[in-house]
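Listing of run-v4.tsv; format and content: TSV, C-alpha atoms.
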chain	number	residue	atom	x	y	z
C	30	MET	CA	-18.67	-5.33	15.87
C	31	ARG	CA	-18.15	-7.23	12.62
C	32	ASP	CA	-21.89	-7.10	11.87
C	33	ALA	CA	-21.86	-3.32	12.46
C	34	SER	CA	-18.95	-2.95	10.04
C	35	VAL	CA	-20.72	-5.00	7.36
C	36	LEU	CA	-23.88	-2.92	7.76
C	37	ALA	CA	-21.83	0.30	7.60
C	38	TRP	CA	-20.30	-0.92	4.34
C	39	ARG	CA	-23.74	-1.64	2.91
C	40	GLN	CA	-24.96	1.78	4.00
C	41	PHE	CA	-21.92	3.34	2.37
C	42	ARG	CA	-22.69	1.59	-0.93
C	43	LEU	CA	-26.28	2.80	-0.71
C	44	GLU	CA	-25.09	6.36	-0.06
C	45	ARG	CA	-22.84	6.19	-3.14
C	46	ARG	CA	-25.71	5.08	-5.36
C	47	MET	CA	-28.02	7.77	-4.02
C	48	PHE	CA	-25.33	10.42	-4.48
C	49	TRP	CA	-24.79	9.70	-8.17
C	50	ARG	CA	-28.53	9.58	-8.77
C	51	ASN	CA	-28.82	13.16	-7.52
C	52	PRO	CA	-27.46	15.52	-10.23
C	53	SER	CA	-27.62	18.60	-8.00
C	54	ALA	CA	-25.51	16.89	-5.34
C	55	ALA	CA	-22.91	15.92	-7.91
C	56	PHE	CA	-22.87	19.47	-9.26
C	57	PHE	CA	-22.37	21.24	-5.95
C	58	ASN	CA	-19.91	18.65	-4.65
C	59	PHE	CA	-17.74	18.26	-7.75
C	60	LEU	CA	-18.49	20.61	-10.61
C	61	LEU	CA	-18.95	23.87	-8.70
C	62	PRO	CA	-15.47	23.91	-7.10
C	63	LEU	CA	-13.97	22.86	-10.42
C	64	LEU	CA	-15.76	25.73	-12.16
C	65	PHE	CA	-14.21	28.12	-9.64
C	66	LEU	CA	-10.83	26.50	-10.28
C	67	ALA	CA	-11.22	26.73	-14.07
C	68	GLY	CA	-12.43	30.33	-13.94
C	69	GLY	CA	-9.63	31.37	-11.62
C	70	GLY	CA	-7.10	29.52	-13.74
C	71	ILE	CA	-8.19	31.39	-16.87
C	72	ILE	CA	-8.08	34.77	-15.13
C	73	LEU	CA	-4.72	34.11	-13.47
C	74	ALA	CA	-3.05	32.37	-16.43
C	75	GLY	CA	0.64	33.24	-16.49
C	76	ASN	CA	0.71	34.41	-12.86
C	77	GLN	CA	2.26	31.39	-11.15
C	78	HIS	CA	2.29	33.02	-7.72
C	79	GLN	CA	-1.47	33.51	-7.77
C	80	LEU	CA	-2.07	30.04	-9.24
C	81	ASN	CA	-0.06	28.59	-6.35
C	82	ARG	CA	-2.50	30.25	-3.98
C	83	LEU	CA	-5.62	29.44	-5.97
C	84	VAL	CA	-5.27	25.65	-5.93
C	85	PRO	CA	-5.04	25.10	-2.15
C	86	ALA	CA	-7.84	27.62	-1.62
C	87	ILE	CA	-10.13	25.70	-3.98
C	88	ALA	CA	-9.03	22.42	-2.38
C	89	ALA	CA	-10.08	23.72	1.05
C	90	MET	CA	-13.39	24.98	-0.32
C	91	SER	CA	-13.93	21.52	-1.79
C	92	VAL	CA	-13.49	19.96	1.65
C	93	MET	CA	-16.11	22.29	3.08
C	94	SER	CA	-18.59	21.80	0.23
C	95	THR	CA	-18.38	17.99	0.24
C	96	THR	CA	-18.79	17.77	4.02
C	97	PHE	CA	-20.42	20.75	5.74
C	98	THR	CA	-22.71	21.77	2.87
C	99	ALA	CA	-23.61	18.27	1.71
C	100	LEU	CA	-24.33	16.89	5.18
C	101	ALA	CA	-26.36	19.91	6.27
C	102	TYR	CA	-28.57	19.51	3.19
C	103	ASN	CA	-28.89	15.74	3.47
C	104	ILE	CA	-29.54	15.56	7.21
C	105	VAL	CA	-32.28	18.21	7.06
C	106	PHE	CA	-33.88	16.58	4.01
C	107	LEU	CA	-33.92	13.12	5.59
C	108	ARG	CA	-35.12	14.46	8.93
C	109	GLU	CA	-37.95	16.57	7.54
C	110	ARG	CA	-39.13	13.79	5.20
C	111	GLY	CA	-39.31	11.39	8.12
C	112	VAL	CA	-36.58	9.13	6.73
C	113	LEU	CA	-34.36	9.45	9.79
C	114	LYS	CA	-37.24	8.52	12.07
C	115	ARG	CA	-37.89	5.40	10.01
C	116	ILE	CA	-34.21	4.50	10.01
C	117	ARG	CA	-34.19	4.91	13.78
C	118	GLY	CA	-36.97	2.33	13.98
C	119	THR	CA	-35.04	-0.31	12.01
C	120	PRO	CA	-32.45	-2.78	13.39
C	121	LEU	CA	-29.68	-0.80	11.64
C	122	PRO	CA	-27.23	0.33	14.37
C	123	THR	CA	-26.75	4.08	14.64
C	124	ILE	CA	-22.99	3.68	14.32
C	125	SER	CA	-23.43	1.73	11.08
C	126	TYR	CA	-25.73	4.34	9.58
C	127	PHE	CA	-23.48	7.28	10.38
C	128	GLY	CA	-20.40	5.24	9.47
C	129	GLY	CA	-21.80	4.82	5.96
C	130	VAL	CA	-22.82	8.49	5.72
C	131	LEU	CA	-19.44	9.77	6.87
C	132	ALA	CA	-17.55	7.30	4.67
C	133	ASN	CA	-19.48	8.68	1.71
C	134	ALA	CA	-18.49	12.24	2.62
C	135	ILE	CA	-14.86	11.18	3.03
C	136	THR	CA	-14.89	9.46	-0.37
C	137	ASN	CA	-16.30	12.55	-2.07
C	138	THR	CA	-13.67	14.72	-0.40
C	139	ALA	CA	-10.82	12.40	-1.39
C	140	LEU	CA	-11.99	12.34	-5.00
C	141	GLN	CA	-12.34	16.12	-5.09
C	142	ILE	CA	-8.90	16.73	-3.59
C	143	ALA	CA	-7.36	14.27	-6.05
C	144	ILE	CA	-8.99	16.06	-8.98
C	145	VAL	CA	-7.85	19.49	-7.77
C	146	VAL	CA	-4.28	18.26	-7.20
C	147	VAL	CA	-4.11	16.66	-10.65
C	148	VAL	CA	-5.52	19.77	-12.33
C	149	GLY	CA	-3.01	21.91	-10.45
C	150	ARG	CA	-0.19	19.64	-11.57
C	151	VAL	CA	-1.20	19.15	-15.21
C	152	LEU	CA	-2.75	22.50	-16.14
C	153	MET	CA	-1.42	25.07	-13.68
C	154	GLY	CA	2.23	24.13	-13.26
C	155	ILE	CA	2.15	23.74	-9.49
C	156	GLY	CA	3.74	20.31	-9.30
C	157	TRP	CA	2.81	17.46	-7.03
C	158	PRO	CA	2.26	18.21	-3.33
C	159	ARG	CA	5.51	18.82	-1.49
C	160	ASP	CA	4.42	17.06	1.69
C	161	TRP	CA	1.91	14.23	1.23
C	162	GLY	CA	1.79	13.46	4.94
C	163	GLU	CA	0.85	17.02	5.80
C	164	LEU	CA	-1.74	17.01	3.03
C	165	ILE	CA	-3.39	13.87	4.43
C	166	VAL	CA	-3.37	15.20	8.00
C	167	PHE	CA	-5.02	18.50	7.08
C	168	VAL	CA	-7.58	16.90	4.76
C	169	LEU	CA	-8.58	14.40	7.45
C	170	ALA	CA	-8.74	17.14	10.09
C	171	GLY	CA	-10.85	19.27	7.76
C	172	VAL	CA	-13.20	16.38	6.99
C	173	VAL	CA	-13.79	15.61	10.67
C	174	CYS	CA	-14.23	19.29	11.47
C	175	PHE	CA	-16.66	20.19	8.69
C	176	CYS	CA	-18.59	16.91	8.85
C	177	SER	CA	-19.33	17.46	12.52
C	178	LEU	CA	-20.16	21.13	11.96
C	179	GLY	CA	-22.49	20.22	9.09
C	180	ILE	CA	-24.43	17.73	11.22
C	181	ALA	CA	-24.56	20.16	14.15
C	182	PHE	CA	-25.68	23.03	11.92
C	183	ALA	CA	-28.47	20.90	10.44
C	184	HIS	CA	-30.12	20.94	13.86
C	185	LEU	CA	-30.52	24.73	13.60
C	186	ILE	CA	-32.35	24.61	10.25
C	187	PRO	CA	-36.12	24.53	10.86
C	188	ASN	CA	-37.23	23.01	7.54
C	189	PHE	CA	-35.83	21.83	4.24
C	190	GLU	CA	-37.22	24.77	2.26
C	191	SER	CA	-34.95	27.16	4.17
C	192	THR	CA	-31.86	24.95	3.99
C	193	ALA	CA	-30.28	26.79	1.04
C	194	ALA	CA	-30.65	30.16	2.77
C	195	TYR	CA	-29.17	28.90	6.04
C	196	VAL	CA	-26.28	27.02	4.45
C	197	ASN	CA	-25.34	29.76	1.99
C	198	ALA	CA	-25.51	32.36	4.77
C	199	VAL	CA	-22.59	30.49	6.35
C	200	PHE	CA	-20.79	28.95	3.38
C	201	LEU	CA	-20.51	31.95	1.06
C	202	PRO	CA	-19.28	34.57	3.58
C	203	VAL	CA	-16.79	32.15	5.12
C	204	VAL	CA	-15.41	31.22	1.70
C	205	PHE	CA	-15.26	34.83	0.46
C	206	LEU	CA	-13.61	36.21	3.60
C	207	SER	CA	-11.17	33.31	3.89
C	208	PHE	CA	-10.09	33.68	0.25
C	209	TYR	CA	-9.74	37.44	0.66
C	210	VAL	CA	-7.64	37.29	3.82
C	211	PHE	CA	-5.50	34.43	2.47
C	212	ASP	CA	-4.72	36.31	-0.73
C	213	SER	CA	-4.39	39.85	0.60
C	214	SER	CA	-1.58	41.23	2.73
C	215	SER	CA	-3.56	44.46	3.21
C	216	ALA	CA	-6.60	42.89	4.88
C	217	PRO	CA	-7.55	44.77	8.08
C	218	GLY	CA	-6.05	43.27	11.20
C	219	PHE	CA	-9.37	42.78	12.97
C	220	LEU	CA	-10.79	40.94	9.96
C	221	ARG	CA	-7.68	38.77	9.71
C	222	ASN	CA	-8.00	37.82	13.38
C	223	ILE	CA	-11.64	36.85	12.91
C	224	VAL	CA	-11.01	34.78	9.79
C	225	ASP	CA	-7.95	33.10	11.30
C	226	ALA	CA	-10.19	31.95	14.15
C	227	LEU	CA	-12.62	30.27	11.72
C	228	PRO	CA	-11.78	26.79	10.38
C	229	LEU	CA	-11.56	27.40	6.62
C	230	LYS	CA	-8.62	29.83	6.53
C	231	PRO	CA	-6.41	27.58	8.73
C	232	LEU	CA	-7.30	24.69	6.41
C	233	ILE	CA	-6.24	26.76	3.39
C	234	ASP	CA	-2.96	27.60	5.16
C	235	GLY	CA	-2.32	23.94	5.90
C	236	LEU	CA	-3.07	22.81	2.36
C	237	TYR	CA	-0.94	25.63	0.93
C	238	ALA	CA	1.99	24.46	3.04
C	239	ALA	CA	1.44	20.84	2.01
C	240	ILE	CA	0.89	21.45	-1.71
C	241	VAL	CA	3.09	24.44	-2.50
C	242	THR	CA	5.81	25.15	0.07
C	243	GLY	CA	6.34	21.84	1.86
C	244	SER	CA	7.18	23.74	5.01
C	245	GLY	CA	6.30	20.80	7.26
C	246	LEU	CA	3.52	20.04	9.69
C	247	SER	CA	5.38	21.51	12.66
C	248	GLY	CA	5.09	24.99	11.16
C	249	ARG	CA	1.28	24.77	10.95
C	250	LEU	CA	0.37	23.35	14.32
C	251	ASP	CA	-1.52	26.54	15.19
C	252	ALA	CA	-3.74	26.12	12.12
C	253	LEU	CA	-4.27	22.45	12.96
C	254	ALA	CA	-5.23	23.40	16.52
C	255	VAL	CA	-7.92	25.81	15.29
C	256	ILE	CA	-9.39	23.13	13.03
C	257	ALA	CA	-9.30	20.58	15.86
C	258	LEU	CA	-11.05	22.99	18.24
C	259	TRP	CA	-13.86	23.61	15.76
C	260	GLY	CA	-14.06	19.88	15.18
C	261	ALA	CA	-14.47	19.24	18.89
C	262	LEU	CA	-17.20	21.89	19.10
C	263	GLY	CA	-18.88	20.39	16.05
C	264	ILE	CA	-18.84	16.88	17.50
C	265	TYR	CA	-20.33	18.15	20.75
C	266	GLY	CA	-23.08	20.01	18.90
C	267	ALA	CA	-23.74	17.10	16.54
C	268	VAL	CA	-24.17	14.62	19.39
C	269	ARG	CA	-25.91	16.96	21.80
C	270	GLY	CA	-28.44	18.50	19.44
C	271	PHE	CA	-29.10	15.76	16.91
C	272	SER	CA	-32.75	14.92	16.27
C	273	TRP	CA	-34.11	11.91	14.39
C	274	GLU	CA	-37.57	13.44	14.06
C	275	ARG	CA	-39.04	16.34	12.10
C	276	THR	CA	-39.03	19.77	13.69
C	277	GLY	CA	-42.09	20.05	15.83
C	278	ALA	CA	-42.86	16.32	15.53
Is it possible to express this structure as structure tokens?
Amino acid sequence: MRDASVLAWRQFRLERRMFWRNPSAAFFNFLLPLLFLAGGGIILAGNQHQLNRLVPAIAAMSVMSTTFTALAYNIVFLRERGVLKRIRGTPLPTISYFGGVLANAITNTALQIAIVVVVGRVLMGIGWPRDWGELIVFVLAGVVCFCSLGIAFAHLIPNFESTAAYVNAVFLPVVFLSFYVFDSSSAPGFLRNIVDALPLKPLIDGLYAAIVTGSGLSGRLDALAVIALWGALGIYGAVRGFSWERTGA
């Protein structure tokens, strides 16, 4: 077990180096959500109520982009280039490889959430999170959920060239609809029910409670349950459908 942990640590360090050597990965994982945050902050300057809603929404989007989006891209790329097959043929334990990959995603998420929280505190007048425990619980739940969904979704993508189309076909509508329903009291009931059943809107609700209202974890157990259910489905799909080899190989 100790050897597996050491190898997972080494894989994690390798993942960090590869991440920072990929400018596009750094952009979509860090800069893109911050651009949304900066743009929204400029538009909503002076409207504290809307700023209070913007920050947790961007924080939740950051969780999804650093886990679901990043892992779907990376897994398909490595699979279609034959890297996963070669890794499978090495003595590196599977648990060590995925431990390093997931630790890298968790690190990116933690850094992104920290940046969003600091920006919200320093530039947007939100203050520090009201409930740090609730914030940690929902971030961890979101990471597990979207990591597993990203790996499971990668199995549905036939080749790397179509990855952007597949990922954006999920990421963009989910983000748009979740932001709209979260910020609008006039959203149609049927649309609200659909979005509330998806994992991003419950994550936004949980982060809003943790960062802005401090209403306590007990008041958001329904949101946490939705995220956990999607996480369980994602884990099942990730384990059941995962392939180390190229499509058609």
*With distances taken over all atoms listed in the file, which of C:Phe200, C:Tyr237, C:Trp273, C:Phe182 is nearest to Phe167 (chain C)?*
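So, comparing all the options, the nearest one is C:Tyr237.
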_Non-local contacts of Gly154 (chain C) (12 Å; only C-alpha atoms; under 5 positions in same chain excluded) as a ChimeraX atom specification_ = /C:70,74-81,83-84,146-149,240-241
Any chance you can output those residues with C-alpha atoms as a PDB file, in the frame of the given file?
ATOM      1  CA  GLY C  70      -7.100  29.520 -13.740  1.00  0.00           C
ATOM      2  CA  ALA C  74      -3.050  32.370 -16.430  1.00  0.00           C
ATOM      3  CA  GLY C  75       0.640  33.240 -16.490  1.00  0.00           C
ATOM      4  CA  ASN C  76       0.710  34.410 -12.860  1.00  0.00           C
ATOM      5  CA  GLN C  77       2.260  31.390 -11.150  1.00  0.00           C
ATOM      6  CA  HIS C  78       2.290  33.020  -7.720  1.00  0.00           C
ATOM      7  CA  GLN C  79      -1.470  33.510  -7.770  1.00  0.00           C
ATOM      8  CA  LEU C  80      -2.070  30.040  -9.240  1.00  0.00           C
ATOM      9  CA  ASN C  81      -0.060  28.590  -6.350  1.00  0.00           C
ATOM     10  CA  LEU C  83      -5.620  29.440  -5.970  1.00  0.00           C
ATOM     11  CA  VAL C  84      -5.270  25.650  -5.930  1.00  0.00           C
ATOM     12  CA  VAL C 146      -4.280  18.260  -7.200  1.00  0.00           C
ATOM     13  CA  VAL C 147      -4.110  16.660 -10.650  1.00  0.00           C
ATOM     14  CA  VAL C 148      -5.520  19.770 -12.330  1.00  0.00           C
ATOM     15  CA  GLY C 149      -3.010  21.910 -10.450  1.00  0.00           C
ATOM     16  CA  ILE C 240       0.890  21.450  -1.710  1.00  0.00           C
ATOM     17  CA  VAL C 241       3.090  24.440  -2.500  1.00  0.00           C
TER      18      VAL C 241
END
*Distance query region 36-42 of chain C at most 7 Å, only C-alpha atoms, self and fewer than 6 positions along chain excluded, as a ChimeraX atom specification*: /C:125-126,128-130,132-133
*For Leu236 (chain C), which residue out of C:Leu152, C:Ala252, C:Ala33, C:Val105 is the nearest one, using all atoms listed in the file?*
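For Leu236 (chain C), the nearest of the candidates is C:Ala252.
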*asked:* With distances taken over only C-alpha atoms, which residue among C:Pro122, C:Gly68, C:Gly171, C:Gly266 lies nearest Ser94 (chain C)?
replied: C:Gly171
_If I take CA of Glu190 (chain C) and CA of Trp49 (chain C), how far is one from the other in Å, to one decimal?_
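Here the two named atoms are 22.1 Å from each other.
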*What does the distance between CA of Ile223 (chain C) and CA of Ile135 (chain C) come to in Å, to one decimal place?*
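According to the coordinates, CA of Ile223 (chain C) and CA of Ile135 (chain C) are separated by 27.7 Å.
For the pair CA of Pro187 (chain C) and CA of Phe106 (chain C), the interatomic distance is 10.7 Å.
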*Excluding same-chain residues fewer than 3 positions from Ile256 (chain C), what lies within 10 Å of it counting only C-alpha atoms, as a PyMOL selection string?*
chain C and resi 167+170-175+226-232+250-253+259-262
Might I get the box with edges along x, y and z of the file that holds all atoms of region 245-264 of chain C listed there, padded by 3 Å on every side, given as centre and edge lengths in Å to one decimal, as lines of an AutoDock Vina configuration file?
center_x = -6.3
center_y = 21.7
center_z = 13.2
size_x = 31.2
size_y = 15.7
size_z = 17.8
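Nearest to Glu44 (chain C) of all the residues C:Leu73, C:Ala134, C:Ile124, C:Leu246 is C:Ala134, counting all atoms listed in the file.
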*Counting only C-alpha atoms, what is within 9 Å of region 97-104 of chain C, bar same-chain residues fewer than 4 positions away, as JSON, numbers by chain?*
{"C": [54, 57, 58, 92, 93, 108, 109, 113, 130, 131, 134, 172, 174, 175, 176, 177, 178, 179, 180, 181, 182, 183, 184, 186, 189, 192, 193, 196, 197, 200]}
*For each of C:Leu61, C:Leu140, C:Val166, C:Leu258, take the minimum atom-to-atom distance to Met90 (chain C), counting all atoms listed in the file, then give the residue where this is smallest.*
C:Leu61
Where atoms are lacking, region 130-154 of chain C completed to N, CA and C atoms, as a JSON list (two decimals), keeping the file's coordinate frame:
[["chain", "number", "residue", "atom", "x", "y", "z"],
["C", 130, "VAL", "N", -22.64, 7.10, 6.14],
["C", 130, "VAL", "CA", -22.82, 8.49, 5.72],
["C", 130, "VAL", "C", -21.49, 9.23, 5.71],
["C", 131, "LEU", "N", -20.72, 9.08, 6.77],
["C", 131, "LEU", "CA", -19.44, 9.77, 6.87],
["C", 131, "LEU", "C", -18.43, 9.21, 5.88],
["C", 132, "ALA", "N", -18.46, 7.89, 5.66],
["C", 132, "ALA", "CA", -17.55, 7.30, 4.67],
["C", 132, "ALA", "C", -17.85, 7.84, 3.28],
["C", 133, "ASN", "N", -19.11, 8.09, 2.99],
["C", 133, "ASN", "CA", -19.48, 8.68, 1.71],
["C", 133, "ASN", "C", -18.93, 10.09, 1.58],
["C", 134, "ALA", "N", -19.03, 10.87, 2.64],
["C", 134, "ALA", "CA", -18.49, 12.24, 2.62],
["C", 134, "ALA", "C", -16.97, 12.22, 2.46],
["C", 135, "ILE", "N", -16.31, 11.28, 3.14],
["C", 135, "ILE", "CA", -14.86, 11.18, 3.03],
["C", 135, "ILE", "C", -14.45, 10.80, 1.62],
["C", 136, "THR", "N", -15.19, 9.87, 1.01],
["C", 136, "THR", "CA", -14.89, 9.46, -0.37],
["C", 136, "THR", "C", -15.03, 10.62, -1.33],
["C", 137, "ASN", "N", -16.11, 11.39, -1.20],
["C", 137, "ASN", "CA", -16.30, 12.55, -2.07],
["C", 137, "ASN", "C", -15.16, 13.55, -1.90],
["C", 138, "THR", "N", -14.76, 13.77, -0.66],
["C", 138, "THR", "CA", -13.67, 14.72, -0.40],
["C", 138, "THR", "C", -12.36, 14.23, -1.01],
["C", 139, "ALA", "N", -12.06, 12.95, -0.84],
["C", 139, "ALA", "CA", -10.82, 12.40, -1.39],
["C", 139, "ALA", "C", -10.79, 12.52, -2.91],
["C", 140, "LEU", "N", -11.91, 12.21, -3.55],
["C", 140, "LEU", "CA", -11.99, 12.34, -5.00],
["C", 140, "LEU", "C", -11.80, 13.79, -5.44],
["C", 141, "GLN", "N", -12.44, 14.71, -4.72],
["C", 141, "GLN", "CA", -12.34, 16.12, -5.09],
["C", 141, "GLN", "C", -10.92, 16.63, -4.93],
["C", 142, "ILE", "N", -10.28, 16.29, -3.82],
["C", 142, "ILE", "CA", -8.90, 16.73, -3.59],
["C", 142, "ILE", "C", -7.98, 16.15, -4.66],
["C", 143, "ALA", "N", -8.19, 14.89, -5.01],
["C", 143, "ALA", "CA", -7.36, 14.27, -6.05],
["C", 143, "ALA", "C", -7.52, 15.00, -7.38],
["C", 144, "ILE", "N", -8.75, 15.35, -7.72],
["C", 144, "ILE", "CA", -8.99, 16.06, -8.98],
["C", 144, "ILE", "C", -8.31, 17.43, -8.97],
["C", 145, "VAL", "N", -8.45, 18.16, -7.86],
["C", 145, "VAL", "CA", -7.85, 19.49, -7.77],
["C", 145, "VAL", "C", -6.33, 19.41, -7.86],
["C", 146, "VAL", "N", -5.74, 18.42, -7.18],
["C", 146, "VAL", "CA", -4.28, 18.26, -7.20],
["C", 146, "VAL", "C", -3.80, 17.93, -8.61],
["C", 147, "VAL", "N", -4.51, 17.03, -9.29],
["C", 147, "VAL", "CA", -4.11, 16.66, -10.65],
["C", 147, "VAL", "C", -4.24, 17.85, -11.61],
["C", 148, "VAL", "N", -5.34, 18.59, -11.49],
["C", 148, "VAL", "CA", -5.52, 19.77, -12.33],
["C", 148, "VAL", "C", -4.42, 20.79, -12.07],
["C", 149, "GLY", "N", -4.09, 20.99, -10.79],
["C", 149, "GLY", "CA", -3.01, 21.91, -10.45],
["C", 149, "GLY", "C", -1.68, 21.48, -11.03],
["C", 150, "ARG", "N", -1.45, 20.17, -11.04],
["C", 150, "ARG", "CA", -0.19, 19.64, -11.57],
["C", 150, "ARG", "C", -0.14, 19.72, -13.10],
["C", 151, "VAL", "N", -1.21, 19.29, -13.76],
["C", 151, "VAL", "CA", -1.20, 19.15, -15.21],
["C", 151, "VAL", "C", -1.42, 20.47, -15.93],
["C", 152, "LEU", "N", -2.34, 21.30, -15.40],
["C", 152, "LEU", "CA", -2.75, 22.50, -16.14],
["C", 152, "LEU", "C", -2.22, 23.80, -15.56],
["C", 153, "MET", "N", -1.80, 23.80, -14.31],
["C", 153, "MET", "CA", -1.42, 25.07, -13.68],
["C", 153, "MET", "C", 0.03, 25.12, -13.22],
["C", 154, "GLY", "N", 0.79, 24.08, -13.50],
["C", 154, "GLY", "CA", 2.23, 24.13, -13.26],
["C", 154, "GLY", "C", 2.65, 24.16, -11.80]]
